file model.pdb (PDB, C-alpha atoms)
ATOM      1  CA  MET A 556     -26.602 -68.517  73.438
ATOM      2  CA  ALA A 557     -27.609 -71.141  70.954
ATOM      3  CA  LEU A 558     -24.725 -72.837  69.241
ATOM      4  CA  ILE A 559     -24.952 -74.159  65.733
ATOM      5  CA  THR A 560     -23.380 -77.317  67.057
ATOM      6  CA  GLY A 561     -26.180 -77.635  69.547
ATOM      7  CA  ASN A 562     -26.063 -76.857  73.260
ATOM      8  CA  PRO A 563     -25.517 -79.509  75.905
ATOM      9  CA  LEU A 564     -28.763 -80.791  77.259
ATOM     10  CA  GLY A 565     -29.761 -80.850  80.896
ATOM     11  CA  ASN A 566     -28.196 -79.016  83.799
ATOM     12  CA  VAL A 567     -25.489 -76.592  82.669
ATOM     13  CA  VAL A 568     -23.592 -74.357  85.089
ATOM     14  CA  SER A 569     -22.123 -71.220  83.555
ATOM     15  CA  GLN A 570     -19.509 -68.829  84.861
ATOM     16  CA  GLU A 571     -19.893 -65.151  85.669
ATOM     17  CA  GLU A 572     -18.940 -62.094  83.671
ATOM     18  CA  LEU A 573     -16.622 -60.835  86.377
ATOM     19  CA  TYR A 574     -12.932 -59.996  86.024
ATOM     20  CA  LEU A 575     -10.660 -58.903  88.800
ATOM     21  CA  GLU A 576      -7.690 -56.611  88.629
ATOM     22  CA  GLY A 577      -4.699 -55.784  90.806
ATOM     23  CA  ALA A 578      -2.945 -57.539  93.647
ATOM     24  CA  PRO A 579      -4.422 -58.349  97.024
ATOM     25  CA  TYR A 580      -3.091 -56.843 100.191
ATOM     26  CA  ILE A 581      -0.810 -59.323 101.909
ATOM     27  CA  TYR A 582      -0.767 -59.743 105.665
ATOM     28  CA  ILE A 583       1.314 -62.267 107.591
ATOM     29  CA  GLN A 584       1.167 -63.375 111.198
ATOM     30  CA  ASP A 585       3.013 -65.971 113.242
ATOM     31  CA  ASN A 586       1.432 -69.364 112.724
ATOM     32  CA  ASN A 587       1.253 -69.841 116.513
ATOM     33  CA  ALA A 588      -1.530 -67.272 116.655
ATOM     34  CA  ALA A 589      -5.075 -68.515 116.198
ATOM     35  CA  PRO A 590      -7.019 -67.373 113.130
ATOM     36  CA  LEU A 591      -9.736 -64.795 113.717
ATOM     37  CA  ASN A 592     -12.335 -67.366 112.645
ATOM     38  CA  ASN A 593     -11.210 -70.532 114.357
ATOM     39  CA  PRO A 594     -13.361 -71.788 112.727
ATOM     40  CA  ASP A 595     -16.337 -69.778 111.443
ATOM     41  CA  ALA A 596     -19.907 -71.064 111.483
ATOM     42  CA  ASP A 597     -19.232 -73.089 108.349
ATOM     43  CA  GLY A 598     -16.059 -74.702 109.629
ATOM     44  CA  TYR A 599     -13.558 -72.541 107.734
ATOM     45  CA  TYR A 600     -10.413 -71.166 109.320
ATOM     46  CA  TRP A 601      -9.428 -67.678 108.210
ATOM     47  CA  GLY A 602      -8.675 -64.085 109.232
ATOM     48  CA  MET A 603      -6.216 -62.559 111.681
ATOM     49  CA  THR A 604      -6.181 -60.668 114.943
ATOM     50  CA  GLY A 605      -2.921 -58.954 115.775
ATOM     51  CA  SER A 606      -1.909 -59.447 119.385
ATOM     52  CA  THR A 607       0.875 -57.971 121.454
ATOM     53  CA  THR A 608       2.950 -61.118 121.133
ATOM     54  CA  TYR A 609       1.947 -61.979 117.579
ATOM     55  CA  PRO A 610       1.513 -58.767 115.590
ATOM     56  CA  VAL A 611       0.159 -58.812 112.065
ATOM     57  CA  TYR A 612       2.566 -57.536 109.402
ATOM     58  CA  LEU A 613       1.291 -55.784 106.306
ATOM     59  CA  LEU A 614       3.694 -56.250 103.423
ATOM     60  CA  GLY A 615       4.185 -52.904 101.746
ATOM     61  CA  CYS A 616       4.471 -52.149  98.064
ATOM     62  CA  VAL A 617       4.104 -55.506  96.359
ATOM     63  CA  SER A 618       4.135 -56.264  92.657
ATOM     64  CA  ASN A 619       4.111 -59.229  90.307
ATOM     65  CA  VAL A 620       2.012 -61.186  92.782
ATOM     66  CA  LYS A 621       1.157 -64.693  91.676
ATOM     67  CA  LEU A 622      -0.547 -67.600  93.364
ATOM     68  CA  THR A 623       0.656 -70.959  92.191
ATOM     69  CA  GLU A 624       1.059 -74.486  93.480
ATOM     70  CA  GLY A 625       3.426 -77.391  93.528
ATOM     71  CA  VAL A 626       2.005 -80.732  92.484
ATOM     72  CA  THR A 627       3.641 -84.113  92.191
ATOM     73  CA  MET A 628       2.223 -85.912  89.169
ATOM     74  CA  ASN A 629       2.996 -89.442  88.094
ATOM     75  CA  ASP A 630       1.433 -91.218  85.174
ATOM     76  CA  VAL A 631      -0.069 -94.636  85.524
ATOM     77  CA  ARG A 632       1.586 -96.287  82.583
ATOM     78  CA  CYS A 633       0.620 -99.651  81.299
ATOM     79  CA  ASP A 634       3.065-100.638  78.628
ATOM     80  CA  THR A 635       0.480-102.704  76.874
ATOM     81  CA  VAL A 636      -1.939 -99.799  76.540
ATOM     82  CA  GLY A 637      -0.211 -96.537  77.430
ATOM     83  CA  VAL A 638      -0.889 -93.885  80.089
ATOM     84  CA  LYS A 639      -4.226 -94.696  81.670
ATOM     85  CA  ASP A 640      -4.219 -92.161  84.470
ATOM     86  CA  THR A 641      -2.171 -89.510  86.300
ATOM     87  CA  ILE A 642      -1.844 -89.589  90.054
ATOM     88  CA  GLN A 643      -1.679 -86.079  91.539
ATOM     89  CA  LYS A 644      -0.590 -84.975  94.949
ATOM     90  CA  ARG A 645      -0.681 -81.323  96.014
ATOM     91  CA  ASP A 646       2.631 -80.433  97.670
ATOM     92  CA  TYR A 647       2.145 -76.771  98.473
ATOM     93  CA  ILE A 648       0.432 -73.516  97.539
ATOM     94  CA  GLU A 649       2.786 -70.670  96.806
ATOM     95  CA  LEU A 650       2.469 -66.906  96.665
ATOM     96  CA  ASP A 651       5.218 -65.290  94.567
ATOM     97  CA  LEU A 652       5.842 -61.566  94.704
ATOM     98  CA  ASP A 653       8.278 -58.678  94.548
ATOM     99  CA  ILE A 654       8.489 -56.056  97.292
ATOM    100  CA  THR A 655       9.590 -52.453  96.895
ATOM    101  CA  SER A 656       8.977 -51.369 100.506
ATOM    102  CA  LEU A 657      12.042 -52.408 102.444
ATOM    103  CA  PHE A 658      11.510 -50.579 105.743
ATOM    104  CA  GLY A 659      11.238 -50.991 108.674
ATOM    105  CA  LEU A 660      13.893 -53.582 108.838
ATOM    106  CA  ALA A 661      11.996 -55.431 111.571
ATOM    107  CA  THR A 662       9.413 -56.342 108.933
ATOM    108  CA  SER A 663      11.884 -56.894 106.108
ATOM    109  CA  ALA A 664      13.732 -59.298 108.373
ATOM    110  CA  LYS A 665      10.702 -61.567 108.225
ATOM    111  CA  PHE A 666      10.432 -61.952 104.470
ATOM    112  CA  MET A 667      14.202 -61.838 103.947
ATOM    113  CA  ASN A 668      14.828 -64.459 106.652
ATOM    114  CA  LEU A 669      17.174 -62.191 108.600
ATOM    115  CA  SER A 670      17.749 -62.046 112.330
ATOM    116  CA  PRO A 671      15.313 -60.374 114.739
ATOM    117  CA  ALA A 672      15.788 -56.609 114.717
ATOM    118  CA  THR A 673      17.150 -54.285 117.356
ATOM    119  CA  VAL A 674      15.650 -50.809 117.388
ATOM    120  CA  LYS A 675      17.125 -47.899 119.291
ATOM    121  CA  THR A 676      17.292 -44.150 118.939
ATOM    122  CA  GLN A 677      18.092 -43.333 115.301
ATOM    123  CA  PHE A 678      19.078 -46.929 114.487
ATOM    124  CA  GLU A 679      17.552 -50.254 113.533
ATOM    125  CA  LYS A 680      19.769 -53.254 112.987
ATOM    126  CA  VAL A 681      19.302 -56.789 111.678
ATOM    127  CA  GLY A 682      21.840 -59.514 111.143
ATOM    128  CA  MET A 683      22.323 -61.743 108.144
ATOM    129  CA  GLY A 684      22.779 -65.141 109.706
ATOM    130  CA  SER A 685      21.258 -68.576 109.513
ATOM    131  CA  ILE A 686      17.705 -69.070 108.348
ATOM    132  CA  SER A 687      15.183 -70.182 110.941
ATOM    133  CA  ASN A 688      13.432 -73.365 109.921
ATOM    134  CA  VAL A 689      10.911 -73.270 112.722
ATOM    135  CA  GLN A 690       9.197 -70.008 111.839
ATOM    136  CA  TYR A 691       5.832 -70.440 110.101
ATOM    137  CA  TRP A 692       3.335 -67.813 109.082
ATOM    138  CA  MET A 693      -0.320 -67.458 108.326
ATOM    139  CA  VAL A 694      -1.017 -65.434 105.199
ATOM    140  CA  TYR A 695      -4.148 -63.372 104.649
ATOM    141  CA  ALA A 696      -4.566 -61.782 101.220
ATOM    142  CA  PRO A 697      -7.834 -59.877 100.650
ATOM    143  CA  ASN A 698      -8.801 -58.041  97.492
ATOM    144  CA  ILE A 699     -11.875 -55.801  97.316
ATOM    145  CA  TYR A 700     -13.137 -55.797  93.767
ATOM    146  CA  ASP A 701     -16.132 -53.508  94.306
ATOM    147  CA  GLU A 702     -15.494 -50.790  96.879
ATOM    148  CA  VAL A 703     -19.073 -49.476  96.689
ATOM    149  CA  ALA A 704     -20.812 -52.791  97.154
ATOM    150  CA  GLY A 705     -18.092 -54.192  99.388
ATOM    151  CA  ASP A 706     -17.525 -57.251  97.249
ATOM    152  CA  LEU A 707     -14.296 -59.036  98.043
ATOM    153  CA  ILE A 708     -12.265 -62.121  97.625
ATOM    154  CA  MET A 709      -9.610 -63.348 100.000
ATOM    155  CA  ILE A 710      -7.039 -66.074 100.335
ATOM    156  CA  HIS A 711      -5.948 -67.450 103.674
ATOM    157  CA  LEU A 712      -2.955 -69.797 103.957
ATOM    158  CA  HIS A 713      -2.519 -71.586 107.265
ATOM    159  CA  LYS A 714       1.127 -72.615 107.545
ATOM    160  CA  ALA A 715       3.577 -70.885 105.261
ATOM    161  CA  LYS A 716       7.235 -70.071 105.118
ATOM    162  CA  PHE A 717       9.431 -67.680 103.112
ATOM    163  CA  VAL A 718      11.456 -70.118 101.063
ATOM    164  CA  SER A 719      13.107 -68.298  98.209
ATOM    165  CA  ASN A 720      16.558 -67.046  97.457
ATOM    166  CA  TRP A 721      15.561 -63.407  97.123
ATOM    167  CA  THR A 722      17.357 -60.865  94.976
ATOM    168  CA  LEU A 723      17.672 -57.194  95.852
ATOM    169  CA  ASP A 724      18.076 -55.203  92.665
ATOM    170  CA  PHE A 725      19.892 -51.870  92.705
ATOM    171  CA  LYS A 726      19.087 -50.552  89.268
ATOM    172  CA  TYR A 727      19.956 -47.120  87.999
ATOM    173  CA  GLY A 728      16.932 -44.865  88.005
ATOM    174  CA  GLU A 729      14.643 -47.451  89.556
ATOM    175  CA  PRO A 730      13.493 -48.058  93.101
ATOM    176  CA  TRP A 731      15.279 -50.788  94.986
ATOM    177  CA  LYS A 732      13.231 -53.926  94.623
ATOM    178  CA  LEU A 733      13.363 -57.256  96.384
ATOM    179  CA  SER A 734      12.369 -59.837  93.833
ATOM    180  CA  ASN A 735      11.720 -63.579  93.889
ATOM    181  CA  VAL A 736      10.020 -63.613  97.301
ATOM    182  CA  LYS A 737       8.071 -66.840  97.723
ATOM    183  CA  ILE A 738       5.658 -67.656 100.521
ATOM    184  CA  ARG A 739       5.081 -71.397 100.404
ATOM    185  CA  ALA A 740       2.099 -72.825 102.277
ATOM    186  CA  TYR A 741       2.318 -76.398 103.486
ATOM    187  CA  ALA A 742      -0.315 -78.814 104.643
ATOM    188  CA  ASP A 743      -1.466 -77.886 108.138
ATOM    189  CA  SER A 744      -2.440 -81.108 109.849
ATOM    190  CA  THR A 745      -4.424 -79.209 112.473
ATOM    191  CA  LYS A 746      -6.945 -78.095 109.854
ATOM    192  CA  PRO A 747      -9.605 -80.149 108.083
ATOM    193  CA  THR A 748      -8.277 -82.158 105.149
ATOM    194  CA  THR A 749     -10.293 -80.215 102.593
ATOM    195  CA  GLN A 750      -8.636 -76.935 103.625
ATOM    196  CA  LYS A 751      -5.291 -78.085 104.959
ATOM    197  CA  PHE A 752      -3.348 -75.643 102.753
ATOM    198  CA  GLY A 753      -5.740 -72.700 102.992
ATOM    199  CA  VAL A 754      -9.074 -71.302 101.908
ATOM    200  CA  PHE A 755     -10.555 -69.063  99.231
ATOM    201  CA  ILE A 756     -13.498 -66.927 100.334
ATOM    202  CA  ARG A 757     -15.628 -64.582  98.280
ATOM    203  CA  SER A 758     -18.329 -62.199  99.430
ATOM    204  CA  ASP A 759     -20.622 -60.614  96.823
ATOM    205  CA  LYS A 760     -24.094 -59.457  97.812
ATOM    206  CA  SER A 761     -25.400 -59.054  94.283
ATOM    207  CA  ALA A 762     -24.030 -62.265  92.800
ATOM    208  CA  LEU A 763     -24.530 -64.380  95.901
ATOM    209  CA  PRO A 764     -27.923 -63.254  97.224
TER     210      PRO A 764
ATOM    211  CA  MET B 315      -0.707 -56.981 212.942
ATOM    212  CA  ALA B 316      -0.028 -58.316 209.500
ATOM    213  CA  LYS B 317       3.091 -60.261 208.870
ATOM    214  CA  HIS B 318       5.367 -59.228 205.980
ATOM    215  CA  ARG B 319       7.541 -61.749 204.297
ATOM    216  CA  GLY B 320      10.849 -60.301 203.344
ATOM    217  CA  THR B 321      12.291 -61.339 199.925
ATOM    218  CA  SER B 322      15.702 -60.675 198.523
ATOM    219  CA  ILE B 323      15.833 -60.051 194.731
ATOM    220  CA  GLN B 324      19.585 -60.166 194.558
ATOM    221  CA  GLY B 325      19.681 -63.781 193.356
ATOM    222  CA  ASN B 326      17.127 -63.241 190.537
ATOM    223  CA  LEU B 327      18.950 -60.297 189.011
ATOM    224  CA  GLU B 328      22.094 -62.285 188.539
ATOM    225  CA  ASP B 329      20.279 -64.618 186.126
ATOM    226  CA  TYR B 330      19.696 -61.920 183.515
ATOM    227  CA  THR B 331      22.085 -60.232 181.112
ATOM    228  CA  VAL B 332      21.298 -56.820 179.779
ATOM    229  CA  SER B 333      22.599 -56.244 176.262
ATOM    230  CA  THR B 334      23.255 -52.864 174.726
ATOM    231  CA  ASP B 335      23.921 -54.221 171.176
ATOM    232  CA  THR B 336      21.813 -53.188 168.179
ATOM    233  CA  PRO B 337      18.462 -54.919 167.855
ATOM    234  CA  ASP B 338      18.168 -58.236 166.098
ATOM    235  CA  ALA B 339      17.842 -57.842 162.304
ATOM    236  CA  SER B 340      14.801 -60.062 162.277
ATOM    237  CA  LEU B 341      12.850 -57.507 164.206
ATOM    238  CA  ASP B 342      10.220 -55.609 162.233
ATOM    239  CA  ILE B 343      11.473 -52.089 162.219
ATOM    240  CA  GLN B 344       9.612 -49.448 160.239
ATOM    241  CA  ALA B 345      11.643 -47.993 157.406
ATOM    242  CA  PRO B 346      12.317 -44.309 157.566
ATOM    243  CA  ILE B 347       9.760 -42.299 155.613
ATOM    244  CA  THR B 348      11.097 -40.069 152.868
ATOM    245  CA  TYR B 349       9.093 -37.311 151.303
ATOM    246  CA  ASN B 350       9.149 -35.764 147.814
ATOM    247  CA  ASN B 351      11.543 -38.437 146.580
ATOM    248  CA  SER B 352       9.233 -41.273 145.547
ATOM    249  CA  GLU B 353      10.160 -43.459 142.544
ATOM    250  CA  GLN B 354       6.923 -44.412 140.871
ATOM    251  CA  ARG B 355       7.225 -47.119 138.235
ATOM    252  CA  THR B 356       4.823 -48.255 135.543
ATOM    253  CA  ALA B 357       4.786 -51.409 133.446
ATOM    254  CA  VAL B 358       5.133 -50.708 129.721
ATOM    255  CA  VAL B 359       4.623 -53.368 127.047
ATOM    256  CA  CYS B 360       6.555 -53.447 123.796
ATOM    257  CA  ILE B 361       4.286 -54.152 120.818
ATOM    258  CA  TYR B 362       6.915 -53.802 118.117
ATOM    259  CA  PRO B 363       8.534 -57.041 116.918
ATOM    260  CA  ALA B 364      12.119 -56.153 117.733
ATOM    261  CA  THR B 365      14.486 -55.713 120.615
ATOM    262  CA  VAL B 366      13.830 -52.106 121.542
ATOM    263  CA  VAL B 367      16.447 -50.111 123.417
ATOM    264  CA  ARG B 368      15.559 -46.695 124.826
ATOM    265  CA  ASP B 369      16.811 -44.229 127.400
ATOM    266  CA  GLY B 370      14.106 -42.461 129.366
ATOM    267  CA  GLN B 371      13.695 -38.906 128.155
ATOM    268  CA  ILE B 372      13.217 -37.516 131.664
ATOM    269  CA  THR B 373      15.234 -39.806 133.892
ATOM    270  CA  GLY B 374      17.800 -41.067 131.403
ATOM    271  CA  GLU B 375      17.283 -44.584 132.736
ATOM    272  CA  HIS B 376      18.230 -47.334 130.278
ATOM    273  CA  TYR B 377      15.456 -49.722 129.240
ATOM    274  CA  VAL B 378      15.547 -52.839 127.035
ATOM    275  CA  TRP B 379      12.507 -54.724 125.727
ATOM    276  CA  ASN B 380      13.232 -58.136 124.239
ATOM    277  CA  GLY B 381      10.647 -58.262 121.506
ATOM    278  CA  ALA B 382       6.901 -57.854 121.161
ATOM    279  CA  GLY B 383       5.052 -58.686 124.335
ATOM    280  CA  SER B 384       7.945 -58.070 126.710
ATOM    281  CA  VAL B 385       7.193 -55.892 129.722
ATOM    282  CA  VAL B 386       9.575 -53.523 131.468
ATOM    283  CA  SER B 387       8.868 -51.507 134.597
ATOM    284  CA  VAL B 388       9.888 -47.963 133.759
ATOM    285  CA  ARG B 389       9.975 -44.739 135.717
ATOM    286  CA  THR B 390       6.558 -43.134 135.464
ATOM    287  CA  GLU B 391       8.059 -39.846 134.292
ATOM    288  CA  ASP B 392       9.287 -41.585 131.126
ATOM    289  CA  VAL B 393       5.967 -43.198 130.213
ATOM    290  CA  PRO B 394       4.317 -40.391 128.179
ATOM    291  CA  GLU B 395       7.283 -40.072 125.846
ATOM    292  CA  LEU B 396       7.504 -43.842 125.347
ATOM    293  CA  LEU B 397       3.795 -44.145 124.555
ATOM    294  CA  SER B 398       4.021 -41.337 122.016
ATOM    295  CA  LEU B 399       6.892 -42.884 120.069
ATOM    296  CA  ARG B 400       6.133 -43.898 116.494
ATOM    297  CA  LEU B 401       8.472 -45.763 114.183
ATOM    298  CA  GLY B 402       8.396 -44.837 110.502
ATOM    299  CA  ALA B 403       6.772 -41.595 109.575
ATOM    300  CA  THR B 404       4.581 -42.823 106.758
ATOM    301  CA  GLY B 405       2.763 -46.085 106.251
ATOM    302  CA  CYS B 406       2.676 -47.704 102.839
ATOM    303  CA  CYS B 407      -0.103 -49.291 100.889
ATOM    304  CA  GLY B 408      -2.977 -49.634 103.287
ATOM    305  CA  ALA B 409      -1.076 -49.011 106.511
ATOM    306  CA  THR B 410      -2.344 -46.622 109.151
ATOM    307  CA  ALA B 411      -0.766 -43.184 108.821
ATOM    308  CA  GLY B 412       1.605 -41.946 111.458
ATOM    309  CA  GLY B 413       3.917 -44.898 111.827
ATOM    310  CA  ASN B 414       4.027 -47.891 114.109
ATOM    311  CA  GLN B 415       3.415 -47.575 117.811
ATOM    312  CA  LEU B 416       6.214 -49.078 119.869
ATOM    313  CA  PHE B 417       4.688 -49.331 123.332
ATOM    314  CA  GLN B 418       1.421 -49.545 125.166
ATOM    315  CA  LEU B 419       0.256 -49.988 128.714
ATOM    316  CA  PRO B 420      -0.689 -53.548 129.697
TER     317      PRO B 420
END
call {"tool": "encode", "arguments": {"input": "model.pdb", "output": "structure tokens"}}
result
Amino acid sequence: MALITGNPLGNVVSQEELYLEGAPYIYIQDNNAAPLNNPDADGYYWGMTGSTTYPVYLLGCVSNVKLTEGVTMNDVRCDTVGVKDTIQKRDYIELDLDITSLFGLATSAKFMNLSPATVKTQFEKVGMGSISNVQYWMVYAPNIYDEVAGDLIMIHLHKAKFVSNWTLDFKYGEPWKLSNVKIRAYADSTKPTTQKFGVFIRSDKSALP
Amino acid sequence: MAKHRGTSIQGNLEDYTVSTDTPDASLDIQAPITYNNSEQRTAVVCIYPATVVRDGQITGEHYVWNGAGSVVSVRTEDVPELLSLRLGATGCCGATAGGNQLFQLP
């Protein structure tokens, strides 16, 4: 589109008319398991394969899902001139969400940082004790934005931990909801520097022929 | 006429002691065979991420699996019921219907 101000000359890259909706599915798996693509043909690490020892957990009814990050920023200030630059360091990538599915407790124990569960006839039990600081997770969050064409986008985080002080709301007339769940992904030194926190992958046959 | 040399065995017999005690335990003695009373056992793997405690439906034997991946040798009569167990009747939001399988064979 021609602008009255004049368009930039030369090579211009535009964005697509494509808008996504809804939350991705969220899977977690023990970080000790190897990713499904370890790596893929292009050197990216992503995907999951549930094993007997390291099952994949699908988080149930999630809402208010947000992907954010923590960044340390410090200005380069020269008192004679002012701020000449800002030094940035990515600290973590974080997935924030609320969860309405609270059962089974063996799965809830993971994102609530409770003790390992005991399951027996008619009972399942978990303890509220100390938080494990040695448990890390991979996170795989795919979202299919065109079911017919099979177009999708996915996020894979390599080394994450549930870090929040969650709140379980018991509101009148509303489903119980666990809010303020945060999955924080740290730098995984075993992965290439350019993807040490995770990867974004998109597949779209029509847009990416 | 051939000559026969007479020999007395009296002296040799005195050198040996005959015992009537039970045989030495180190001897390889075949165990008695029992019929129609065999206890067949099968390894069953827990695939659910929890300590799972069950009593065999047929034998009543008590089994404990210490988390996903742990293996317990169970009475074969109890295996079908263990393999059919599902935890949680309905799966939410993309989960496979029918609940989570607890056990599988290795």
call {"tool": "resolve_selection", "arguments": {"input": "model.pdb", "expression": "the PyMOL selection byres ((chain A and resi 599) around 12)", "output": "VMD selection string"}}
result
chain A and resid 590 to 598 600 to 602 710 to 713 746 to 756
call {"tool": "write_last_selection", "arguments": {"input": "model.pdb", "atoms": "C-alpha atoms", "output": "mmCIF file, in the coordinates of the input"}}
result
data_model
loop_
_atom_site.group_PDB
_atom_site.id
_atom_site.type_symbol
_atom_site.label_atom_id
_atom_site.label_comp_id
_atom_site.auth_asym_id
_atom_site.auth_seq_id
_atom_site.Cartn_x
_atom_site.Cartn_y
_atom_site.Cartn_z
ATOM 1 C CA PRO A 590 -7.019 -67.373 113.130
ATOM 2 C CA LEU A 591 -9.736 -64.795 113.717
ATOM 3 C CA ASN A 592 -12.335 -67.366 112.645
ATOM 4 C CA ASN A 593 -11.210 -70.532 114.357
ATOM 5 C CA PRO A 594 -13.361 -71.788 112.727
ATOM 6 C CA ASP A 595 -16.337 -69.778 111.443
ATOM 7 C CA ALA A 596 -19.907 -71.064 111.483
ATOM 8 C CA ASP A 597 -19.232 -73.089 108.349
ATOM 9 C CA GLY A 598 -16.059 -74.702 109.629
ATOM 10 C CA TYR A 600 -10.413 -71.166 109.320
ATOM 11 C CA TRP A 601 -9.428 -67.678 108.210
ATOM 12 C CA GLY A 602 -8.675 -64.085 109.232
ATOM 13 C CA ILE A 710 -7.039 -66.074 100.335
ATOM 14 C CA HIS A 711 -5.948 -67.450 103.674
ATOM 15 C CA LEU A 712 -2.955 -69.797 103.957
ATOM 16 C CA HIS A 713 -2.519 -71.586 107.265
ATOM 17 C CA LYS A 746 -6.945 -78.095 109.854
ATOM 18 C CA PRO A 747 -9.605 -80.149 108.083
ATOM 19 C CA THR A 748 -8.277 -82.158 105.149
ATOM 20 C CA THR A 749 -10.293 -80.215 102.593
ATOM 21 C CA GLN A 750 -8.636 -76.935 103.625
ATOM 22 C CA LYS A 751 -5.291 -78.085 104.959
ATOM 23 C CA PHE A 752 -3.348 -75.643 102.753
ATOM 24 C CA GLY A 753 -5.740 -72.700 102.992
ATOM 25 C CA VAL A 754 -9.074 -71.302 101.908
ATOM 26 C CA PHE A 755 -10.555 -69.063 99.231
ATOM 27 C CA ILE A 756 -13.498 -66.927 100.334
#
call {"tool": "resolve_selection", "arguments": {"input": "model.pdb", "expression": "the PyMOL selection byres ((chain B) within 12 of (chain A))", "output": "VMD selection string"}}
result
chain B and resid 358 to 371 376 to 385 396 399 to 410 413 to 420
call {"tool": "write_last_selection", "arguments": {"input": "model.pdb", "atoms": "C-alpha atoms", "output": "PDB file, keeping the file's coordinate frame"}}
result
ATOM      1  CA  VAL B 358       5.133 -50.708 129.721  1.00  0.00           C
ATOM      2  CA  VAL B 359       4.623 -53.368 127.047  1.00  0.00           C
ATOM      3  CA  CYS B 360       6.555 -53.447 123.796  1.00  0.00           C
ATOM      4  CA  ILE B 361       4.286 -54.152 120.818  1.00  0.00           C
ATOM      5  CA  TYR B 362       6.915 -53.802 118.117  1.00  0.00           C
ATOM      6  CA  PRO B 363       8.534 -57.041 116.918  1.00  0.00           C
ATOM      7  CA  ALA B 364      12.119 -56.153 117.733  1.00  0.00           C
ATOM      8  CA  THR B 365      14.486 -55.713 120.615  1.00  0.00           C
ATOM      9  CA  VAL B 366      13.830 -52.106 121.542  1.00  0.00           C
ATOM     10  CA  VAL B 367      16.447 -50.111 123.417  1.00  0.00           C
ATOM     11  CA  ARG B 368      15.559 -46.695 124.826  1.00  0.00           C
ATOM     12  CA  ASP B 369      16.811 -44.229 127.400  1.00  0.00           C
ATOM     13  CA  GLY B 370      14.106 -42.461 129.366  1.00  0.00           C
ATOM     14  CA  GLN B 371      13.695 -38.906 128.155  1.00  0.00           C
ATOM     15  CA  HIS B 376      18.230 -47.334 130.278  1.00  0.00           C
ATOM     16  CA  TYR B 377      15.456 -49.722 129.240  1.00  0.00           C
ATOM     17  CA  VAL B 378      15.547 -52.839 127.035  1.00  0.00           C
ATOM     18  CA  TRP B 379      12.507 -54.724 125.727  1.00  0.00           C
ATOM     19  CA  ASN B 380      13.232 -58.136 124.239  1.00  0.00           C
ATOM     20  CA  GLY B 381      10.647 -58.262 121.506  1.00  0.00           C
ATOM     21  CA  ALA B 382       6.901 -57.854 121.161  1.00  0.00           C
ATOM     22  CA  GLY B 383       5.052 -58.686 124.335  1.00  0.00           C
ATOM     23  CA  SER B 384       7.945 -58.070 126.710  1.00  0.00           C
ATOM     24  CA  VAL B 385       7.193 -55.892 129.722  1.00  0.00           C
ATOM     25  CA  LEU B 396       7.504 -43.842 125.347  1.00  0.00           C
ATOM     26  CA  LEU B 399       6.892 -42.884 120.069  1.00  0.00           C
ATOM     27  CA  ARG B 400       6.133 -43.898 116.494  1.00  0.00           C
ATOM     28  CA  LEU B 401       8.472 -45.763 114.183  1.00  0.00           C
ATOM     29  CA  GLY B 402       8.396 -44.837 110.502  1.00  0.00           C
ATOM     30  CA  ALA B 403       6.772 -41.595 109.575  1.00  0.00           C
ATOM     31  CA  THR B 404       4.581 -42.823 106.758  1.00  0.00           C
ATOM     32  CA  GLY B 405       2.763 -46.085 106.251  1.00  0.00           C
ATOM     33  CA  CYS B 406       2.676 -47.704 102.839  1.00  0.00           C
ATOM     34  CA  CYS B 407      -0.103 -49.291 100.889  1.00  0.00           C
ATOM     35  CA  GLY B 408      -2.977 -49.634 103.287  1.00  0.00           C
ATOM     36  CA  ALA B 409      -1.076 -49.011 106.511  1.00  0.00           C
ATOM     37  CA  THR B 410      -2.344 -46.622 109.151  1.00  0.00           C
ATOM     38  CA  GLY B 413       3.917 -44.898 111.827  1.00  0.00           C
ATOM     39  CA  ASN B 414       4.027 -47.891 114.109  1.00  0.00           C
ATOM     40  CA  GLN B 415       3.415 -47.575 117.811  1.00  0.00           C
ATOM     41  CA  LEU B 416       6.214 -49.078 119.869  1.00  0.00           C
ATOM     42  CA  PHE B 417       4.688 -49.331 123.332  1.00  0.00           C
ATOM     43  CA  GLN B 418       1.421 -49.545 125.166  1.00  0.00           C
ATOM     44  CA  LEU B 419       0.256 -49.988 128.714  1.00  0.00           C
ATOM     45  CA  PRO B 420      -0.689 -53.548 129.697  1.00  0.00           C
TER      46      PRO B 420
END
call {"tool": "residues_around", "arguments": {"input": "model.pdb", "residues": "Ser687 (chain A)", "least_positions_apart": "3", "cutoff": "10 Å", "atoms": "only C-alpha atoms", "output": "JSON, numbers by chain"}}
result
{"A": [668, 669, 670, 684, 690, 691, 716]}
call {"tool": "atom_distance", "arguments": {"input": "model.pdb", "atom1": "CA of Ile581 (chain A)", "atom2": "CA of Tyr647 (chain A)"}}
result
18.0 Å
call {"tool": "residues_around", "arguments": {"input": "model.pdb", "residues": "Val388 (chain B)", "least_positions_apart": "5", "cutoff": "7 Å", "atoms": "only C-alpha atoms", "output": "list of chain:residue names"}}
result
B:Arg355, B:Thr356, B:Ala357, B:Val358
call {"tool": "atom_distance", "arguments": {"input": "model.pdb", "atom1": "CA of Met628 (chain A)", "atom2": "CA of Val694 (chain A)"}}
result
26.2 Å
call {"tool": "atom_distance", "arguments": {"input": "model.pdb", "atom1": "CA of Ala588 (chain A)", "atom2": "CA of Thr604 (chain A)"}}
result
8.3 Å
call {"tool": "residues_around", "arguments": {"input": "model.pdb", "residues": "Ile708 (chain A)", "least_positions_apart": "4", "cutoff": "9 Å", "atoms": "all atoms listed in the file", "output": "list in words"}}
result
Pro579, Ala696, Pro697, Asn698, Ile699, Tyr700, Phe755, Ile756, Arg757, Ser758 and Asp759 of chain A
